[in-house]
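Printed here is start.csv (CSV, C-alpha atoms and all ligand atoms):
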chain,number,residue,atom,x,y,z
A,1,MET,CA,2.3,12.0,-24.9
A,2,LYS,CA,2.1,8.2,-25.2
A,3,ASN,CA,-0.6,6.6,-27.3
A,4,PRO,CA,-3.8,6.3,-25.2
A,5,VAL,CA,-4.6,2.8,-24.0
A,6,ASN,CA,-7.8,1.0,-22.8
A,7,VAL,CA,-7.9,0.8,-19.0
A,8,ALA,CA,-10.1,-1.2,-16.7
A,9,VAL,CA,-10.5,-0.5,-13.0
A,10,VAL,CA,-11.8,-3.5,-11.2
A,11,GLY,CA,-13.3,-2.6,-7.8
A,12,ALA,CA,-13.9,1.0,-9.1
A,13,THR,CA,-16.5,1.7,-6.3
A,14,GLY,CA,-14.1,0.8,-3.5
A,15,ALA,CA,-11.8,3.0,-1.4
A,16,VAL,CA,-8.7,2.1,-3.5
A,17,GLY,CA,-10.7,2.1,-6.8
A,18,GLU,CA,-11.9,5.6,-6.2
A,19,ALA,CA,-8.3,6.7,-5.4
A,20,MET,CA,-7.1,5.0,-8.6
A,21,LEU,CA,-9.4,7.1,-10.7
A,22,LYS,CA,-8.3,10.3,-8.9
A,23,VAL,CA,-4.6,9.4,-9.5
A,24,LEU,CA,-5.2,8.5,-13.2
A,25,ASP,CA,-6.9,11.9,-13.6
A,26,GLU,CA,-4.3,13.9,-11.7
A,27,ARG,CA,-1.4,12.3,-13.6
A,28,ASP,CA,-3.2,12.6,-16.9
A,29,PHE,CA,-2.7,9.0,-17.7
A,30,PRO,CA,-3.4,8.6,-21.5
A,31,ILE,CA,-6.7,6.7,-21.6
A,32,ALA,CA,-8.6,5.8,-24.7
A,33,GLU,CA,-11.5,3.9,-23.1
A,34,LEU,CA,-12.1,3.5,-19.4
A,35,HIS,CA,-14.1,0.6,-18.0
A,36,LEU,CA,-15.3,0.8,-14.5
A,37,LEU,CA,-16.1,-2.6,-13.0
A,38,ALA,CA,-17.6,-3.7,-9.7
A,39,SER,CA,-20.1,-6.2,-8.4
A,40,ALA,CA,-23.7,-6.6,-9.8
A,41,ARG,CA,-24.8,-4.5,-6.8
A,42,SER,CA,-23.1,-1.4,-8.3
A,43,ALA,CA,-23.7,-2.0,-12.0
A,44,GLY,CA,-25.5,0.9,-13.5
A,45,GLU,CA,-24.2,3.5,-11.1
A,46,LYS,CA,-22.4,6.4,-12.6
A,47,ILE,CA,-18.9,7.6,-11.5
A,48,ALA,CA,-17.5,11.0,-12.7
A,49,PHE,CA,-14.2,11.0,-14.5
A,50,LYS,CA,-12.8,14.0,-16.3
A,51,GLY,CA,-16.2,15.7,-16.3
A,52,ARG,CA,-18.0,12.7,-17.7
A,53,GLY,CA,-20.3,10.2,-16.0
A,54,ILE,CA,-19.1,6.6,-16.7
A,55,THR,CA,-21.4,3.7,-16.0
A,56,VAL,CA,-20.2,1.0,-13.7
A,57,GLN,CA,-20.4,-2.5,-15.3
A,58,ASP,CA,-20.8,-5.9,-13.7
A,59,LEU,CA,-17.4,-7.6,-13.7
A,60,ALA,CA,-19.1,-11.0,-14.0
A,61,THR,CA,-20.5,-10.3,-17.5
A,62,PHE,CA,-17.7,-8.0,-18.8
A,63,ASP,CA,-15.7,-9.1,-21.8
A,64,PRO,CA,-12.0,-8.1,-21.2
A,65,LYS,CA,-11.1,-8.3,-24.9
A,66,GLY,CA,-9.4,-5.0,-25.9
A,67,VAL,CA,-8.3,-4.0,-22.4
A,68,ASP,CA,-4.6,-3.0,-22.4
A,69,ILE,CA,-4.1,-2.4,-18.7
A,70,ALA,CA,-6.4,-3.6,-15.8
A,71,LEU,CA,-6.0,-2.3,-12.3
A,72,PHE,CA,-7.5,-4.8,-9.8
A,73,SER,CA,-8.5,-3.8,-6.3
A,74,ALA,CA,-11.6,-5.9,-5.4
A,75,GLY,CA,-10.0,-8.4,-3.0
A,76,GLY,CA,-7.9,-11.6,-3.5
A,77,ASP,CA,-10.8,-13.9,-4.6
A,78,ILE,CA,-11.8,-11.6,-7.4
A,79,SER,CA,-8.2,-11.3,-8.5
A,80,LYS,CA,-7.7,-15.0,-8.5
A,81,ASP,CA,-10.9,-15.6,-10.6
A,82,TYR,CA,-10.7,-12.7,-13.0
A,83,GLY,CA,-7.0,-11.6,-13.1
A,84,PRO,CA,-5.8,-14.6,-15.3
A,85,LYS,CA,-8.9,-14.1,-17.6
A,86,PHE,CA,-7.9,-10.5,-18.2
A,87,ALA,CA,-4.3,-11.4,-18.8
A,88,GLU,CA,-5.2,-14.2,-21.2
A,89,ALA,CA,-7.3,-11.6,-23.1
A,90,GLY,CA,-4.2,-9.5,-23.6
A,91,ALA,CA,-4.3,-7.1,-20.7
A,92,VAL,CA,-1.4,-6.3,-18.3
A,93,VAL,CA,-2.9,-6.9,-14.9
A,94,ILE,CA,-1.7,-4.8,-12.0
A,95,ASP,CA,-3.1,-6.4,-9.0
A,96,ASN,CA,-3.4,-4.8,-5.6
A,97,SER,CA,-4.4,-8.0,-3.7
A,98,SER,CA,-2.1,-10.6,-2.2
A,99,ALA,CA,-3.4,-13.3,-4.6
A,100,PHE,CA,-0.3,-13.5,-6.8
A,101,ARG,CA,2.4,-11.6,-4.7
A,102,TYR,CA,4.3,-14.6,-3.6
A,103,LEU,CA,4.5,-16.5,-7.0
A,104,ASP,CA,8.0,-16.6,-8.5
A,105,ASP,CA,6.7,-15.7,-11.9
A,106,VAL,CA,4.8,-12.6,-10.7
A,107,PRO,CA,7.0,-9.5,-10.1
A,108,LEU,CA,6.2,-7.6,-6.9
A,109,VAL,CA,7.1,-4.0,-7.6
A,110,VAL,CA,7.5,-0.6,-5.8
A,111,SER,CA,8.1,1.9,-8.6
A,112,GLU,CA,10.9,3.7,-6.9
A,113,VAL,CA,12.7,0.6,-5.6
A,114,ASN,CA,12.7,-2.3,-8.2
A,115,PRO,CA,11.0,-0.9,-11.4
A,116,GLU,CA,13.0,-3.1,-13.7
A,117,ALA,CA,11.3,-6.2,-12.2
A,118,ALA,CA,8.0,-5.1,-13.8
A,119,LYS,CA,9.3,-6.0,-17.3
A,120,ASN,CA,9.6,-9.7,-16.5
A,121,ARG,CA,5.9,-10.9,-16.1
A,122,PRO,CA,5.4,-14.2,-17.8
A,123,ARG,CA,1.8,-14.4,-16.5
A,124,GLY,CA,1.0,-10.9,-17.6
A,125,ILE,CA,0.5,-10.0,-14.0
A,126,ILE,CA,2.4,-7.5,-11.8
A,127,ALA,CA,1.6,-7.4,-8.1
A,128,ASN,CA,1.3,-4.2,-6.1
A,129,PRO,CA,2.8,-4.8,-2.6
A,130,ASN,CA,0.8,-4.5,0.6
A,131,CYS,CA,0.4,-0.9,1.8
A,132,SER,CA,2.6,-1.3,4.9
A,133,THR,CA,5.4,-2.9,2.9
A,134,MET,CA,5.1,-0.3,0.2
A,135,GLN,CA,6.0,2.7,2.4
A,136,LEU,CA,8.6,0.7,4.3
A,137,MET,CA,10.4,-0.2,1.1
A,138,VAL,CA,10.5,3.4,-0.2
A,139,ALA,CA,12.1,4.4,3.1
A,140,LEU,CA,14.5,1.5,3.5
A,141,ALA,CA,15.7,0.8,-0.1
A,142,PRO,CA,18.3,3.7,-0.1
A,143,ILE,CA,19.7,2.4,3.2
A,144,GLN,CA,19.8,-1.2,2.0
A,145,ARG,CA,21.7,-0.1,-1.1
A,146,GLU,CA,24.2,1.9,0.9
A,147,VAL,CA,25.0,-0.4,3.9
A,148,GLY,CA,22.8,-3.5,3.7
A,149,ILE,CA,20.1,-4.3,6.2
A,150,GLU,CA,20.3,-7.3,8.5
A,151,ARG,CA,17.2,-7.0,10.6
A,152,ILE,CA,14.0,-4.9,10.8
A,153,ASN,CA,11.9,-4.6,13.8
A,154,ILE,CA,8.7,-2.8,13.0
A,155,ALA,CA,5.4,-1.8,14.7
A,156,THR,CA,2.7,-0.4,12.4
A,157,TYR,CA,0.0,2.1,13.2
A,158,GLN,CA,-2.4,1.3,10.4
A,159,SER,CA,-5.4,3.4,9.5
A,160,VAL,CA,-8.9,1.9,8.9
A,161,SER,CA,-9.0,2.8,5.2
A,162,GLY,CA,-6.7,-0.1,4.6
A,163,THR,CA,-9.6,-2.4,5.5
A,164,GLY,CA,-11.9,-0.8,3.0
A,165,ARG,CA,-15.0,1.4,2.8
A,166,ARG,CA,-17.0,-0.5,5.5
A,167,ALA,CA,-14.2,0.0,8.0
A,168,LEU,CA,-14.1,3.8,7.3
A,169,GLU,CA,-17.8,3.8,8.0
A,170,GLU,CA,-17.4,1.7,11.2
A,171,LEU,CA,-14.9,4.2,12.7
A,172,GLY,CA,-17.2,7.1,11.9
A,173,ARG,CA,-20.2,5.3,13.3
A,174,GLN,CA,-18.6,4.1,16.5
A,175,THR,CA,-17.1,7.5,17.2
A,176,ALA,CA,-20.5,9.2,16.9
A,177,ALA,CA,-22.1,6.4,18.9
A,178,LEU,CA,-19.6,6.7,21.8
A,179,LEU,CA,-19.9,10.5,21.9
A,180,ASN,CA,-23.6,10.0,22.3
A,181,PHE,CA,-23.2,7.5,25.1
A,182,GLN,CA,-24.3,4.6,22.8
A,183,ASP,CA,-23.0,1.1,22.3
A,184,PRO,CA,-20.2,1.1,19.6
A,185,LYS,CA,-21.3,-2.3,18.1
A,186,PRO,CA,-18.2,-3.8,16.3
A,187,GLU,CA,-18.9,-5.3,12.9
A,188,VAL,CA,-15.8,-5.1,10.7
A,189,TYR,CA,-13.2,-5.3,13.4
A,190,PRO,CA,-13.5,-7.9,16.2
A,191,VAL,CA,-13.4,-5.2,18.9
A,192,GLN,CA,-14.2,-1.5,19.2
A,193,ILE,CA,-11.8,0.5,17.0
A,194,ALA,CA,-12.9,4.1,17.9
A,195,PHE,CA,-10.7,5.5,20.8
A,196,ASN,CA,-8.9,2.1,20.8
A,197,VAL,CA,-5.9,0.3,19.2
A,198,ILE,CA,-6.0,-3.3,18.0
A,199,PRO,CA,-2.9,-5.4,17.8
A,200,HIS,CA,-4.2,-7.6,15.0
A,201,GLY,CA,-4.5,-7.5,11.2
A,202,GLY,CA,-5.4,-10.4,9.0
A,203,ASP,CA,-5.6,-14.1,10.2
A,204,PHE,CA,-3.6,-15.7,13.0
A,205,LEU,CA,-1.0,-18.2,11.8
A,206,ASP,CA,0.7,-21.2,13.5
A,207,ASN,CA,3.8,-19.1,14.4
A,208,GLY,CA,1.8,-16.6,16.4
A,209,TYR,CA,2.2,-13.9,13.9
A,210,THR,CA,-0.7,-12.7,11.7
A,211,SER,CA,-1.0,-12.8,7.9
A,212,GLU,CA,-0.7,-9.0,7.7
A,213,GLU,CA,2.6,-9.3,9.7
A,214,MET,CA,4.0,-12.1,7.5
A,215,LYS,CA,3.2,-10.0,4.4
A,216,LEU,CA,5.8,-7.6,5.7
A,217,VAL,CA,8.4,-10.4,6.1
A,218,TRP,CA,7.8,-12.1,2.7
A,219,GLU,CA,7.3,-9.0,0.6
A,220,THR,CA,10.4,-7.1,2.0
A,221,ARG,CA,12.6,-10.0,1.1
A,222,LYS,CA,11.1,-10.3,-2.4
A,223,ILE,CA,11.3,-6.6,-3.2
A,224,LEU,CA,14.7,-6.0,-1.9
A,225,GLY,CA,15.9,-9.3,-3.4
A,226,ASP,CA,17.5,-10.5,-0.2
A,227,ASP,CA,16.1,-13.6,1.6
A,228,THR,CA,18.5,-13.2,4.5
A,229,ILE,CA,16.8,-10.0,5.8
A,230,GLN,CA,15.2,-10.8,9.2
A,231,VAL,CA,11.9,-9.0,9.8
A,232,ASN,CA,10.0,-8.9,13.1
A,233,PRO,CA,6.6,-7.1,12.6
A,234,THR,CA,3.7,-6.2,14.9
A,235,VAL,CA,0.7,-4.9,13.0
A,236,VAL,CA,-1.6,-2.5,14.9
A,237,ARG,CA,-4.8,-1.0,13.7
A,238,VAL,CA,-5.4,2.6,15.1
A,239,PRO,CA,-8.4,4.9,14.9
A,240,VAL,CA,-7.0,7.0,12.0
A,241,PHE,CA,-9.0,7.3,8.8
A,242,TYR,CA,-6.2,7.7,6.2
A,243,GLY,CA,-2.4,7.2,6.5
A,244,HIS,CA,-0.4,4.3,7.9
A,245,SER,CA,2.6,5.0,10.2
A,246,GLU,CA,5.5,2.8,11.2
A,247,ALA,CA,8.0,2.8,14.0
A,248,VAL,CA,11.0,1.2,12.3
A,249,HIS,CA,14.1,-0.1,14.0
A,250,ILE,CA,16.8,-1.6,11.7
A,251,GLU,CA,20.1,-3.2,12.2
A,252,THR,CA,22.4,-2.5,9.3
A,253,ARG,CA,25.2,-4.7,8.0
A,254,GLU,CA,27.6,-1.8,8.2
A,255,LYS,CA,27.1,1.2,10.6
A,256,ILE,CA,25.3,4.2,9.1
A,257,SER,CA,25.1,7.5,11.0
A,258,ALA,CA,21.8,9.2,11.5
A,259,GLU,CA,23.3,12.1,9.6
A,260,ARG,CA,24.2,10.0,6.5
A,261,ALA,CA,20.8,8.3,6.6
A,262,ARG,CA,19.2,11.7,6.6
A,263,GLU,CA,21.3,12.8,3.7
A,264,LEU,CA,20.5,9.7,1.7
A,265,LEU,CA,16.8,9.9,2.3
A,266,SER,CA,16.6,13.6,1.6
A,267,THR,CA,17.4,13.0,-2.1
A,268,ALA,CA,15.7,9.5,-2.5
A,269,PRO,CA,12.8,9.3,-4.9
A,270,GLY,CA,9.3,9.3,-3.4
A,271,ILE,CA,10.5,10.5,0.1
A,272,GLU,CA,9.9,13.7,1.9
A,273,LEU,CA,12.0,14.2,5.0
A,274,VAL,CA,10.4,15.9,8.0
A,275,ASP,CA,13.0,15.5,10.6
A,276,GLU,CA,13.4,18.4,13.0
A,277,ARG,CA,14.1,17.7,16.6
A,278,LYS,CA,11.4,19.8,18.1
A,279,ALA,CA,7.6,19.6,18.8
A,280,GLY,CA,5.8,19.1,15.5
A,281,GLY,CA,9.0,18.5,13.6
A,282,TYR,CA,7.9,15.1,12.4
A,283,PRO,CA,5.3,13.8,10.0
A,284,THR,CA,1.9,12.4,11.1
A,285,PRO,CA,-0.8,10.8,9.0
A,286,VAL,CA,-3.2,13.8,9.5
A,287,THR,CA,-0.7,16.7,9.1
A,288,HIS,CA,1.3,15.2,6.3
A,289,ALA,CA,0.4,11.9,4.7
A,290,SER,CA,-3.3,12.0,4.1
A,291,GLY,CA,-4.2,12.9,0.5
A,292,ASN,CA,-0.5,13.3,-0.5
A,293,ASP,CA,1.9,11.2,-2.6
A,294,PRO,CA,5.2,11.1,-0.7
A,295,VAL,CA,6.4,8.7,1.9
A,296,TYR,CA,7.3,10.9,4.9
A,297,VAL,CA,10.2,10.0,7.1
A,298,GLY,CA,11.2,11.6,10.4
A,299,ARG,CA,12.6,10.8,13.9
A,300,ILE,CA,15.8,9.5,12.4
A,301,ARG,CA,18.2,8.6,15.2
A,302,GLU,CA,21.0,6.1,16.0
A,303,ASP,CA,19.7,3.3,18.3
A,304,ILE,CA,21.2,3.7,21.7
A,305,SER,CA,20.8,0.0,22.4
A,306,HIS,CA,22.7,-1.4,19.3
A,307,PRO,CA,26.0,-0.4,17.6
A,308,ARG,CA,24.5,-0.7,14.1
A,309,GLY,CA,21.0,0.2,14.9
A,310,LEU,CA,19.0,3.0,13.4
A,311,SER,CA,15.4,4.1,14.3
A,312,LEU,CA,13.0,6.0,12.1
A,313,TRP,CA,9.3,6.9,11.7
A,314,VAL,CA,7.6,6.5,8.4
A,315,THR,CA,4.1,7.6,7.4
A,316,ALA,CA,2.3,7.6,4.1
A,317,ASP,CA,-1.2,7.7,2.7
A,318,ASN,CA,-1.9,3.9,2.5
A,319,ILE,CA,-4.6,4.4,-0.2
A,320,ARG,CA,-2.3,6.6,-2.4
A,321,LYS,CA,1.3,5.5,-2.3
A,322,GLY,CA,0.3,2.3,-0.5
A,323,ALA,CA,-2.1,1.2,-3.2
A,324,ALA,CA,-3.5,3.5,-6.0
A,325,LEU,CA,-0.5,5.7,-6.7
A,326,ASN,CA,1.9,2.8,-7.0
A,327,ALA,CA,-0.5,0.9,-9.2
A,328,VAL,CA,-0.8,3.8,-11.6
A,329,GLN,CA,3.0,4.3,-11.5
A,330,LEU,CA,3.3,0.6,-12.5
A,331,ALA,CA,0.9,1.3,-15.3
A,332,GLU,CA,3.2,4.2,-16.4
A,333,LEU,CA,6.2,1.8,-16.4
A,334,VAL,CA,4.3,-0.6,-18.7
A,335,LEU,CA,3.3,2.3,-20.9
A,336,ALA,CA,6.9,3.4,-21.2
A,337,GLU,CA,8.1,0.0,-22.4
B,401,LIG,P1,-19.1,-3.1,-4.9
B,401,LIG,O1,-19.1,-1.7,-4.5
B,401,LIG,O2,-20.0,-3.4,-6.1
B,401,LIG,O3,-19.3,-4.1,-3.8
B,401,LIG,P2,-13.6,-1.8,-0.5
B,401,LIG,O4,-12.3,-2.6,-0.3
B,401,LIG,O5,-13.4,-0.4,-0.4
B,401,LIG,O6,-14.7,-2.3,0.3
B,401,LIG,O7,-14.0,-2.1,-2.1
B,401,LIG,C1,-14.1,-3.3,-2.7
B,401,LIG,C2,-14.3,-3.2,-4.2
B,401,LIG,O8,-14.4,-4.6,-4.7
B,401,LIG,C3,-15.6,-2.5,-4.5
B,401,LIG,O9,-15.5,-1.8,-5.7
B,401,LIG,C4,-16.6,-3.7,-4.7
B,401,LIG,O10,-17.7,-3.5,-5.6
B,401,LIG,C5,-15.6,-4.7,-5.4
B,401,LIG,N1,-16.2,-6.0,-5.3
B,401,LIG,C6,-16.5,-6.7,-4.2
B,401,LIG,N2,-17.1,-7.9,-4.6
B,401,LIG,C7,-17.1,-8.0,-5.9
B,401,LIG,C8,-17.5,-8.9,-6.9
B,401,LIG,N3,-18.1,-10.1,-6.5
B,401,LIG,N4,-17.4,-8.6,-8.2
B,401,LIG,C9,-16.9,-7.5,-8.6
B,401,LIG,N5,-16.4,-6.5,-7.7
B,401,LIG,C10,-16.5,-6.8,-6.4
Serialized structure, structure tokens:
Amino acid sequence: MKNPVNVAVVGATGAVGEAMLKVLDERDFPIAELHLLASARSAGEKIAFKGRGITVQDLATFDPKGVDIALFSAGGDISKDYGPKFAEAGAVVIDNSSAFRYLDDVPLVVSEVNPEAAKNRPRGIIANPNCSTMQLMVALAPIQREVGIERINIATYQSVSGTGRRALEELGRQTAALLNFQDPKPEVYPVQIAFNVIPHGGDFLDNGYTSEEMKLVWETRKILGDDTIQVNPTVVRVPVFYGHSEAVHIETREKISAERARELLSTAPGIELVDERKAGGYPTPVTHASGNDPVYVGRIREDISHPRGLSLWVTADNIRKGAALNAVQLAELVLAE
């Protein structure tokens, strides 16, 4: 086992922070000291880790000296304010927000796709991609390597856990309210999410796309190292608690058969193929993704409308591979250096 290191989890009380602790525990990450940080609201609370209660500390008054690896998941503003401070104090910061993802001197890394990029981090910061990009990259990197990808058309079916704990509560509350003939009262989302779908994530931009959609464009190019890839995303929020899904239509540079794609993806790291052409022979967030590590791929077929088109369905637990698991895998890469 590697020498244990001092780890800080920033946003430890959030949906992703909680999953980070679970993944650190499951993977037996070698921890000397564990610091759990959140806002002053949560300071003093105890969170169980490996049978011990660890007291949550207020990030604002915490001294980062001595922290080796800091996993940040408390939103972009907190990352911008505190990430550089932790890095200056000597920690490697693994940041789950979009605060640093698009900076040239911050690597954006999916552990199965471009792990070597994590080593070059002049700011001491490594960015974890957006959850939707993460699972897309795991599924598409093997195809990109084999035949090249020219264009990606994607519609996402994103669960509410991606928005955070308050959104999980909102879906539960609205569902209960509606089943009791009461008003669903939207608070986190602009319109009712229970028994509905919302074609909107993030902020609207001048080009008509949303910020969540443009993340898919920018991050795909950066991770695959190819600025010529065209990406056309539609982000949709669906009333699912955990697990994002994606209907993905790609146009490759050279033709690839569905059979060859299936063969490639069946042995690719981080992927589990569930692709039988029968009822239930495909992965869904509830039956496969939720609570599990792999990116599940199914419905692989050649696009009948394009000579170099391939369609697939991708689903993964957005909190695990989409955030916490990849962050811990990045920490493992750092540890292995
Ligand atoms: P807290 O629980 O104290 O508010 P989620 O995305 O699931 O809502 O989680 C957000 C995480 O970010 C929580 O752990 C939350 O802590 C933390 N957080 C939010 N605001 C701050 C802040 N000002 N300082 C430190 N942590 C914060």
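Nearest residue to ligand LIG 401 (chain B), choosing from A:Ala19, A:Ala336, A:Leu37, A:Ala118 and counting only C-alpha atoms and all ligand atoms: A:Leu37.
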Inset, instruction - Would you list the residues that come within 7 Å of ligand LIG 401 (chain B)? Count only C-alpha atoms and all ligand atoms and give the answer as a ChimeraX atom specification. - result: /A:10-17,37-42,58-60,73-75,78,163-166
Inset, instruction - Find the spatial neighbours of region 292-305 of chain A, counting all atoms listed in the file, within a cut-off of 8 Å - ignore same-chain residues fewer than 3 positions away - and output them as an MDAnalysis selection string. - result: chainID A and resid 135 138:139 249 257:258 261:262 270:277 281:283 288:289 308:317 320:321 325
Legend entry - Given only C-alpha atoms as the counted atoms, nearest of A:Leu216, A:Ala177, A:Phe62, A:Leu330 to Val92 (chain A): A:Leu330
Legend entry - Among the residues A:Ala323, A:Val334, A:Met134, A:Val248, the one that comes closest to Val23 (chain A) [using only C-alpha atoms]: A:Ala323
Residue contacts of Phe100 (chain A) (12 Å, all atoms listed in the file) excluding same-chain residues fewer than 2 positions away, as a PDB file with C-alpha atoms, in the frame of the given file:
ATOM      1  CA  PHE A  72      -7.500  -4.800  -9.800  1.00  0.00           C
ATOM      2  CA  GLY A  75     -10.000  -8.400  -3.000  1.00  0.00           C
ATOM      3  CA  GLY A  76      -7.900 -11.600  -3.500  1.00  0.00           C
ATOM      4  CA  ASP A  77     -10.800 -13.900  -4.600  1.00  0.00           C
ATOM      5  CA  ILE A  78     -11.800 -11.600  -7.400  1.00  0.00           C
ATOM      6  CA  SER A  79      -8.200 -11.300  -8.500  1.00  0.00           C
ATOM      7  CA  LYS A  80      -7.700 -15.000  -8.500  1.00  0.00           C
ATOM      8  CA  ASP A  81     -10.900 -15.600 -10.600  1.00  0.00           C
ATOM      9  CA  GLY A  83      -7.000 -11.600 -13.100  1.00  0.00           C
ATOM     10  CA  PRO A  84      -5.800 -14.600 -15.300  1.00  0.00           C
ATOM     11  CA  VAL A  93      -2.900  -6.900 -14.900  1.00  0.00           C
ATOM     12  CA  ILE A  94      -1.700  -4.800 -12.000  1.00  0.00           C
ATOM     13  CA  ASP A  95      -3.100  -6.400  -9.000  1.00  0.00           C
ATOM     14  CA  ASN A  96      -3.400  -4.800  -5.600  1.00  0.00           C
ATOM     15  CA  SER A  97      -4.400  -8.000  -3.700  1.00  0.00           C
ATOM     16  CA  SER A  98      -2.100 -10.600  -2.200  1.00  0.00           C
ATOM     17  CA  TYR A 102       4.300 -14.600  -3.600  1.00  0.00           C
ATOM     18  CA  LEU A 103       4.500 -16.500  -7.000  1.00  0.00           C
ATOM     19  CA  ASP A 104       8.000 -16.600  -8.500  1.00  0.00           C
ATOM     20  CA  ASP A 105       6.700 -15.700 -11.900  1.00  0.00           C
ATOM     21  CA  VAL A 106       4.800 -12.600 -10.700  1.00  0.00           C
ATOM     22  CA  PRO A 107       7.000  -9.500 -10.100  1.00  0.00           C
ATOM     23  CA  LEU A 108       6.200  -7.600  -6.900  1.00  0.00           C
ATOM     24  CA  ARG A 121       5.900 -10.900 -16.100  1.00  0.00           C
ATOM     25  CA  ARG A 123       1.800 -14.400 -16.500  1.00  0.00           C
ATOM     26  CA  GLY A 124       1.000 -10.900 -17.600  1.00  0.00           C
ATOM     27  CA  ILE A 125       0.500 -10.000 -14.000  1.00  0.00           C
ATOM     28  CA  ILE A 126       2.400  -7.500 -11.800  1.00  0.00           C
ATOM     29  CA  ALA A 127       1.600  -7.400  -8.100  1.00  0.00           C
ATOM     30  CA  ASN A 128       1.300  -4.200  -6.100  1.00  0.00           C
ATOM     31  CA  PRO A 129       2.800  -4.800  -2.600  1.00  0.00           C
ATOM     32  CA  ASN A 130       0.800  -4.500   0.600  1.00  0.00           C
ATOM     33  CA  GLU A 219       7.300  -9.000   0.600  1.00  0.00           C
TER      34      GLU A 219
END
Could region 75-80 of chain A be completed with all heavy atoms and written as an mmCIF file, in the coordinates of the input, please?
data_model
loop_
_atom_site.group_PDB
_atom_site.id
_atom_site.type_symbol
_atom_site.label_atom_id
_atom_site.label_comp_id
_atom_site.auth_asym_id
_atom_site.auth_seq_id
_atom_site.Cartn_x
_atom_site.Cartn_y
_atom_site.Cartn_z
ATOM 1 N N GLY A 75 -10.225 -7.293 -3.946
ATOM 2 C CA GLY A 75 -10.000 -8.400 -3.000
ATOM 3 C C GLY A 75 -9.356 -9.608 -3.768
ATOM 4 O O GLY A 75 -9.438 -9.738 -4.992
ATOM 5 N N GLY A 76 -8.710 -10.475 -2.972
ATOM 6 C CA GLY A 76 -7.900 -11.600 -3.500
ATOM 7 C C GLY A 76 -8.745 -12.589 -4.308
ATOM 8 O O GLY A 76 -8.274 -13.091 -5.336
ATOM 9 N N ASP A 77 -9.970 -12.883 -3.869
ATOM 10 C CA ASP A 77 -10.800 -13.900 -4.600
ATOM 11 C C ASP A 77 -11.107 -13.446 -5.978
ATOM 12 O O ASP A 77 -11.043 -14.220 -6.936
ATOM 13 C CB ASP A 77 -12.037 -14.229 -3.784
ATOM 14 C CG ASP A 77 -11.713 -14.957 -2.485
ATOM 15 O OD1 ASP A 77 -10.600 -15.525 -2.403
ATOM 16 O OD2 ASP A 77 -12.544 -14.921 -1.546
ATOM 17 N N ILE A 78 -11.490 -12.178 -6.082
ATOM 18 C CA ILE A 78 -11.800 -11.600 -7.400
ATOM 19 C C ILE A 78 -10.596 -11.643 -8.298
ATOM 20 O O ILE A 78 -10.660 -12.005 -9.480
ATOM 21 C CB ILE A 78 -12.377 -10.181 -7.255
ATOM 22 C CG1 ILE A 78 -13.656 -10.177 -6.419
ATOM 23 C CG2 ILE A 78 -12.595 -9.524 -8.607
ATOM 24 C CD1 ILE A 78 -14.827 -10.847 -7.052
ATOM 25 N N SER A 79 -9.439 -11.264 -7.735
ATOM 26 C CA SER A 79 -8.200 -11.300 -8.500
ATOM 27 C C SER A 79 -7.897 -12.676 -9.027
ATOM 28 O O SER A 79 -7.532 -12.864 -10.185
ATOM 29 C CB SER A 79 -7.031 -10.759 -7.698
ATOM 30 O OG SER A 79 -7.201 -9.396 -7.425
ATOM 31 N N LYS A 80 -8.031 -13.667 -8.146
ATOM 32 C CA LYS A 80 -7.700 -15.000 -8.500
ATOM 33 C C LYS A 80 -8.657 -15.513 -9.658
ATOM 34 O O LYS A 80 -8.243 -16.171 -10.600
ATOM 35 C CB LYS A 80 -7.903 -15.982 -7.337
ATOM 36 C CG LYS A 80 -6.643 -16.054 -6.503
ATOM 37 C CD LYS A 80 -6.745 -17.152 -5.450
ATOM 38 C CE LYS A 80 -5.668 -16.928 -4.419
ATOM 39 N NZ LYS A 80 -6.106 -17.045 -3.055
#
